[in-house]
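Participant: Enclosed is the structure file data28.cif (mmCIF, C-alpha atoms).
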data_work
#
loop_
_atom_site.label_atom_id
_atom_site.label_comp_id
_atom_site.auth_asym_id
_atom_site.auth_seq_id
_atom_site.Cartn_x
_atom_site.Cartn_y
_atom_site.Cartn_z
CA MET A 436 35.27 -16.61 7.59
CA PRO A 437 33.37 -15.83 10.82
CA LYS A 438 33.36 -18.58 13.47
CA ILE A 439 30.01 -20.17 14.20
CA LEU A 440 28.84 -20.64 17.79
CA ILE A 441 26.35 -23.48 18.14
CA GLU A 442 23.51 -23.45 20.65
CA PHE A 443 21.39 -26.58 20.48
CA ASN A 444 17.76 -26.39 21.46
CA LEU A 445 15.51 -29.42 21.93
CA THR A 446 12.98 -28.28 19.34
CA LYS A 447 14.76 -25.78 17.09
CA MET A 448 18.34 -25.14 16.06
CA LEU A 449 19.79 -21.67 16.33
CA LEU A 450 23.22 -20.71 15.08
CA GLN A 451 24.59 -17.22 15.50
CA SER A 452 27.70 -15.97 13.77
CA GLU A 453 30.35 -14.79 16.21
CA GLY A 454 30.15 -11.19 17.31
CA ILE A 455 26.51 -10.64 16.40
CA ASP A 456 25.57 -9.64 19.95
CA SER A 457 28.27 -7.00 19.90
CA LEU A 458 27.05 -5.66 16.55
CA LEU A 459 23.47 -5.48 17.78
CA LYS A 460 24.44 -3.62 20.97
CA LYS A 461 23.24 0.00 20.79
CA SER A 462 22.11 -0.31 17.20
CA THR A 463 18.93 0.24 15.19
CA VAL A 464 17.76 -2.76 13.17
CA PHE A 465 15.12 -2.62 10.44
CA LEU A 466 13.17 -5.88 10.25
CA ASP A 467 11.99 -7.24 6.91
CA THR A 468 8.72 -9.12 6.30
CA ASN A 469 10.37 -12.54 6.39
CA THR A 470 11.72 -11.79 9.89
CA PHE A 471 8.17 -11.60 11.26
CA LEU A 472 7.15 -14.72 9.34
CA ILE A 473 10.00 -16.68 10.85
CA ALA A 474 9.43 -15.23 14.35
CA GLN A 475 5.83 -16.42 14.04
CA GLU A 476 7.09 -19.98 13.40
CA ASN A 477 10.21 -20.14 15.56
CA GLU A 478 9.66 -19.47 19.25
CA GLU A 479 13.36 -19.22 20.04
CA PHE A 480 13.84 -16.57 17.39
CA LEU A 481 10.79 -14.65 18.64
CA GLU A 482 12.28 -14.68 22.13
CA PHE A 483 15.68 -13.61 20.79
CA LEU A 484 14.13 -10.60 19.03
CA TYR A 485 11.93 -9.67 21.97
CA MET A 486 14.80 -9.76 24.45
CA LYS A 487 17.04 -7.72 22.13
CA ASN A 488 14.40 -5.02 21.73
CA ASN A 489 13.99 -4.88 25.49
CA ASP A 490 17.72 -4.63 26.00
CA ASP A 491 19.86 -2.12 24.08
CA THR A 492 18.87 -2.79 20.48
CA ALA A 493 16.12 -0.79 18.80
CA LEU A 494 14.09 -3.06 16.53
CA VAL A 495 12.01 -1.09 14.05
CA THR A 496 10.21 -1.61 10.77
CA ILE A 497 8.33 0.29 8.07
CA ASN A 498 4.70 0.39 6.92
CA SER A 499 5.50 -1.43 3.70
CA VAL A 500 6.68 -4.44 5.72
CA VAL A 501 3.58 -4.28 7.93
CA TYR A 502 1.43 -4.30 4.78
CA GLU A 503 3.29 -7.32 3.34
CA TYR A 504 3.05 -9.23 6.62
CA THR A 505 -0.66 -8.54 7.14
CA ARG A 506 -1.91 -8.96 3.57
CA GLY A 507 -3.94 -12.10 3.09
CA SER A 508 -5.70 -11.58 6.43
CA THR A 509 -9.23 -12.85 5.93
CA THR A 510 -10.87 -11.08 8.88
CA VAL A 511 -10.41 -7.82 10.75
CA LYS A 512 -9.55 -9.87 13.85
CA GLU A 513 -6.69 -11.61 12.02
CA LEU A 514 -5.49 -8.25 10.70
CA GLN A 515 -5.53 -6.82 14.24
CA GLU A 516 -3.62 -9.84 15.55
CA ARG A 517 -0.93 -9.62 12.88
CA ARG A 518 -0.44 -5.92 13.56
CA ASP A 519 -0.39 -6.66 17.28
CA PHE A 520 2.35 -9.24 16.71
CA VAL A 521 4.46 -6.70 14.80
CA ASN A 522 3.95 -4.04 17.46
CA GLY A 523 4.90 -6.57 20.14
CA ILE A 524 8.31 -7.11 18.55
CA VAL A 525 9.33 -3.65 17.33
CA GLU A 526 9.85 -0.41 19.19
CA THR A 527 8.31 1.68 16.43
CA ILE A 528 7.17 1.75 12.82
CA GLN A 529 9.39 4.38 11.21
CA PRO A 530 7.76 6.93 8.91
CA ILE A 531 9.36 6.93 5.47
CA ASN A 532 7.99 9.98 3.62
CA LYS A 533 10.70 12.41 4.69
CA VAL A 534 13.38 9.78 4.04
CA ILE A 535 12.25 8.89 0.52
CA GLU A 536 11.75 12.54 -0.45
CA SER A 537 15.03 13.73 1.10
CA GLU A 538 17.98 15.16 -0.80
CA LYS A 539 20.18 12.44 0.71
CA ASN A 540 17.98 9.81 -0.93
CA ASP A 541 17.89 11.49 -4.36
CA VAL A 542 21.36 10.30 -5.41
CA PHE A 543 21.05 7.08 -3.42
CA SER A 544 18.00 6.08 -5.45
CA LEU A 545 20.03 6.59 -8.66
CA VAL A 546 22.75 4.31 -7.32
CA MET A 547 20.18 1.70 -6.33
CA SER A 548 18.75 1.80 -9.86
CA LEU A 549 22.20 1.09 -11.29
CA ILE A 550 23.16 -1.78 -9.00
CA THR A 551 19.88 -3.59 -8.36
CA ARG A 552 18.67 -6.38 -10.63
CA SER A 553 14.88 -6.24 -10.79
CA GLN A 554 14.44 -9.95 -10.16
CA ASP A 555 16.34 -9.76 -6.87
CA SER A 556 14.56 -6.87 -5.27
CA GLN A 557 11.11 -5.61 -4.29
CA TYR A 558 10.12 -2.03 -3.59
CA THR A 559 10.09 -2.76 0.15
CA ASP A 560 13.76 -3.77 -0.09
CA TYR A 561 14.53 -0.41 -1.71
CA ILE A 562 12.80 1.45 1.13
CA LEU A 563 14.72 -0.57 3.73
CA ALA A 564 17.95 0.28 1.88
CA SER A 565 16.96 3.96 1.89
CA MET A 566 16.45 3.83 5.65
CA LEU A 567 20.01 2.46 6.02
CA ASN A 568 21.22 5.28 3.79
CA MET A 569 19.78 7.85 6.21
CA PHE A 570 22.20 6.59 8.86
CA ARG A 571 25.16 6.63 6.44
CA GLY A 572 27.92 8.94 7.62
CA THR A 573 26.55 9.12 11.17
CA PRO A 574 28.15 7.42 14.19
CA GLU A 575 24.94 5.43 14.79
CA LYS A 576 24.92 1.74 13.91
CA CYS A 577 22.05 0.72 11.66
CA TYR A 578 21.29 -2.60 9.98
CA ALA A 579 18.59 -4.46 8.12
CA LEU A 580 17.69 -7.99 9.19
CA THR A 581 16.37 -10.17 6.38
CA SER A 582 16.56 -13.59 4.76
CA ASP A 583 16.59 -11.83 1.40
CA ALA A 584 20.27 -10.89 1.37
CA LYS A 585 20.44 -11.01 -2.42
CA ALA A 586 18.17 -7.97 -2.58
CA PHE A 587 21.02 -5.91 -1.05
CA SER A 588 23.79 -5.73 -3.62
CA ARG A 589 27.32 -6.50 -2.39
CA ASP A 590 28.40 -3.49 -4.45
CA ILE A 591 27.49 -1.29 -1.47
CA PHE A 592 26.10 -3.61 1.24
CA ASN A 593 27.87 -6.09 3.53
CA VAL A 594 26.47 -9.10 5.34
CA VAL A 595 28.10 -8.63 8.76
CA GLY A 596 26.38 -11.43 10.68
CA SER A 597 23.81 -14.18 10.40
CA ILE A 598 21.40 -16.27 12.43
CA THR A 599 20.54 -19.73 11.11
CA LEU A 600 17.14 -21.13 12.05
CA ASP A 601 14.98 -24.04 11.09
CA ARG A 602 11.47 -23.54 9.79
CA ARG A 603 8.25 -25.52 10.20
CA ASP A 604 8.90 -27.39 6.97
CA LYS A 605 12.32 -28.38 8.39
CA SER A 606 14.22 -26.26 5.88
CA LEU A 607 16.94 -23.91 7.11
CA THR A 608 16.86 -20.16 6.69
CA HIS A 609 19.48 -17.50 7.36
CA GLN A 610 18.53 -14.14 8.79
CA CYS A 611 21.33 -11.85 7.62
CA LEU A 612 22.42 -8.64 9.31
CA ILE A 613 23.13 -6.15 6.56
CA GLU A 614 24.95 -2.83 6.67
CA LEU A 615 25.55 -0.12 4.11
CA ASP A 616 29.30 0.28 3.54
CA GLU A 617 30.22 3.96 3.28
CA ARG A 618 33.55 3.30 1.54
CA LYS A 619 32.05 0.96 -1.03
CA TYR A 620 29.29 3.49 -1.69
CA GLN A 621 31.72 6.38 -2.26
CA SER A 622 33.94 4.22 -4.43
CA LEU A 623 31.00 3.10 -6.55
CA ILE A 624 29.80 6.66 -7.14
CA GLU A 625 33.30 7.66 -8.17
CA ASP A 626 33.45 4.76 -10.66
CA VAL A 627 29.99 5.47 -12.01
CA VAL A 628 30.62 9.17 -12.57
CA SER A 629 34.07 8.55 -14.06
CA SER A 630 32.89 5.90 -16.50
CA LYS A 631 29.47 7.46 -17.36
CA MET B 1113 -25.38 -3.55 -2.76
CA SER B 1114 -27.32 -0.41 -1.74
CA LYS B 1115 -25.82 2.96 -2.64
CA LYS B 1116 -24.09 4.77 0.16
CA THR B 1117 -23.52 8.47 0.47
CA PRO B 1118 -19.93 9.73 0.81
CA GLN B 1119 -20.71 10.51 4.45
CA GLN B 1120 -21.86 6.95 5.09
CA LEU B 1121 -18.75 5.49 3.41
CA ASN B 1122 -16.63 7.84 5.46
CA GLN B 1123 -18.31 6.49 8.61
CA TYR B 1124 -17.31 2.92 7.66
CA GLU B 1125 -13.74 4.02 7.05
CA LYS B 1126 -13.68 5.71 10.45
CA LYS B 1127 -14.99 2.53 12.04
CA LEU B 1128 -12.30 0.36 10.42
CA LYS B 1129 -9.64 2.87 11.37
CA LYS B 1130 -10.84 2.80 14.97
CA GLN B 1131 -10.97 -1.02 15.02
CA VAL B 1132 -7.48 -1.49 13.66
CA LEU B 1133 -5.29 1.60 13.77
CA GLU B 1134 -6.57 3.17 16.96
CA GLN B 1135 -6.55 -0.05 18.97
CA LYS B 1136 -5.00 0.33 22.38
CA PRO B 1137 -1.85 -1.82 22.57
CA LYS B 1138 -2.41 -4.98 24.58
CA LYS B 1139 1.14 -5.11 25.92
CA HIS B 1140 1.81 -6.42 29.42
CA LYS B 1141 4.04 -4.29 31.58
CA ASN B 1142 5.76 -7.44 32.80
CA LYS B 1143 8.29 -8.58 30.15
CA GLN B 1144 7.90 -12.30 30.74
CA ALA B 1145 4.10 -12.03 30.60
CA GLU B 1146 4.33 -10.02 27.39
CA LEU B 1147 6.70 -12.56 25.82
CA LYS B 1148 4.30 -15.35 26.77
CA ARG B 1149 1.43 -13.40 25.20
CA LEU B 1150 3.40 -12.98 21.96
CA LYS B 1151 4.23 -16.69 21.86
CA THR B 1152 0.55 -17.56 22.27
CA LEU B 1153 -0.36 -15.04 19.59
CA ALA B 1154 2.20 -16.59 17.24
CA LYS B 1155 0.70 -20.06 17.80
CA ASP B 1156 -2.78 -18.69 17.03
CA LEU B 1157 -1.54 -17.03 13.86
CA ASN B 1158 0.11 -20.28 12.76
CA ARG B 1159 -3.17 -22.11 13.26
CA VAL B 1160 -5.23 -19.67 11.18
CA GLN B 1161 -3.87 -20.66 7.79
CA PRO B 1162 -0.60 -21.73 6.16
CA TYR B 1163 0.94 -18.39 5.27
CA LYS B 1164 0.69 -17.76 1.53
CA ASN B 1165 1.70 -14.16 1.11
CA ALA B 1166 5.34 -14.13 2.21
CA SER B 1167 7.53 -11.55 0.55
CA SER B 1168 10.34 -12.83 -1.64
CA GLU B 1169 12.96 -14.88 0.15
#
Represent the structure contained in this file as structure tokens.
Facilitator:
Amino acid sequence: MPKILIEFNLTKMLLQSEGIDSLLKKSTVFLDTNTFLIAQENEEFLEFLYMKNNDDTALVTINSVVYEYTRGSTTVKELQERRDFVNGIVETIQPINKVIESEKNDVFSLVMSLITRSQDSQYTDYILASMLNMFRGTPEKCYALTSDAKAFSRDIFNVVGSITLDRRDKSLTHQCLIELDERKYQSLIEDVVSSK
Amino acid sequence: MSKKTPQQLNQYEKKLKKQVLEQKPKKHKNKQAELKRLKTLAKDLNRVQPYKNASSE
């Protein structure tokens, strides 16, 4: 069980699981839609993300997340502002076409179909998972950051860290740092192919 | 609504693209100033409407 370090803030509470700074160092982190929603509400979390992206962590996202975050905008001005907010936090919006159409993703998508329950996962979650898969087998550290940990099956994903924050409605939310586990993935494929 | 030619519709698309996708980033070079700008932007976005379209959580 990871130890929890507590930092009390006068207006918001922020808990980080131990070692999260070390994990984030020199890594690429894909941000989910809920991350931007919470950053919009929680100033401390916004600052945390901003400082990380300006240090040695590359915060990125995908167009599907940008769409989800900006939908519901009632004016062009609001749309521009939401996109501006996203661009202020991330280093880049990663193109997905080559990833989704790649040979490496062909088998991965089959595995995702087998392990994902439809009620737990949206298409955006699948794309985020595919982006993590692109880094699989490389020495580069890559994670997804999301409150929707259940969309990433423990069959092949691990929650390696978390940040607990309070929201405007005073509820708590956990932003989970998720990685794709190479060993679990290989083991699962072996089981799947053996059992048919 | 009056009928528009494909060229006229294309012009509107180009205009929207220019307004949104080809906007010059408003980032400050100074990190603290940029962080302050983002915090202000967040407050403005929170004021616009309670957010209804969150993805699943």
Participant: Can you translate the PyMOL selection byres ((chain A) within 8 of (chain B)) into the concrete residues it hits in this file, as number ranges by chain?
Facilitator: A: 468-469, 472, 474-476, 478, 481-482, 485, 503-504, 506-507, 511, 513-517, 519-520, 523, 557, 582-583
Participant: Hey, can you check how far CA of Thr559 in chain A sits from CA of Asn532 in chain A?
Facilitator: 13.4 Å
Participant: Tell me, in Å to one decimal, how far CA of Leu449 in chain A is from CA of Arg603 in chain A.
Facilitator: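 That distance, rounded to one decimal, is 13.6 Å.
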Participant: Using the file's own x, y and z axes, so that the box edges lie along x, y and z, what centre and edge lengths in Å (one decimal) does a box around every listed atom of range 569-579 of chain A get when 4 Å is added on each side? Give it as lines of an AutoDock Vina configuration file.
Facilitator:
center_x = 23.4
center_y = 2.3
center_z = 10.5
size_x = 17.6
size_y = 21.6
size_z = 16.6
Participant: Name all residues at most 8 Å from range 548-552 of chain A (count only C-alpha atoms; drop same-chain ones fewer than 3 positions away) and give them as number ranges by chain.
Facilitator: A: 544-545, 555-556, 586-588, 590
Participant: Please write as a ChimeraX atom specification the full residue list that the PyMOL selection byres ((chain A and resi 568-575) around 12) yields on this file.
Facilitator: /A:458-465,492-493,531,533-544,546-547,561-567,576-579,591-592,613-621
Participant: So, with all atoms listed in the file as the atoms that count, which of A:Glu479, A:Asp467, A:Lys487, A:Ser606 lies closest to Lys447 in chain A?
Facilitator: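 Checking each candidate against Lys447 in chain A, we get A:Glu479 as the closest.
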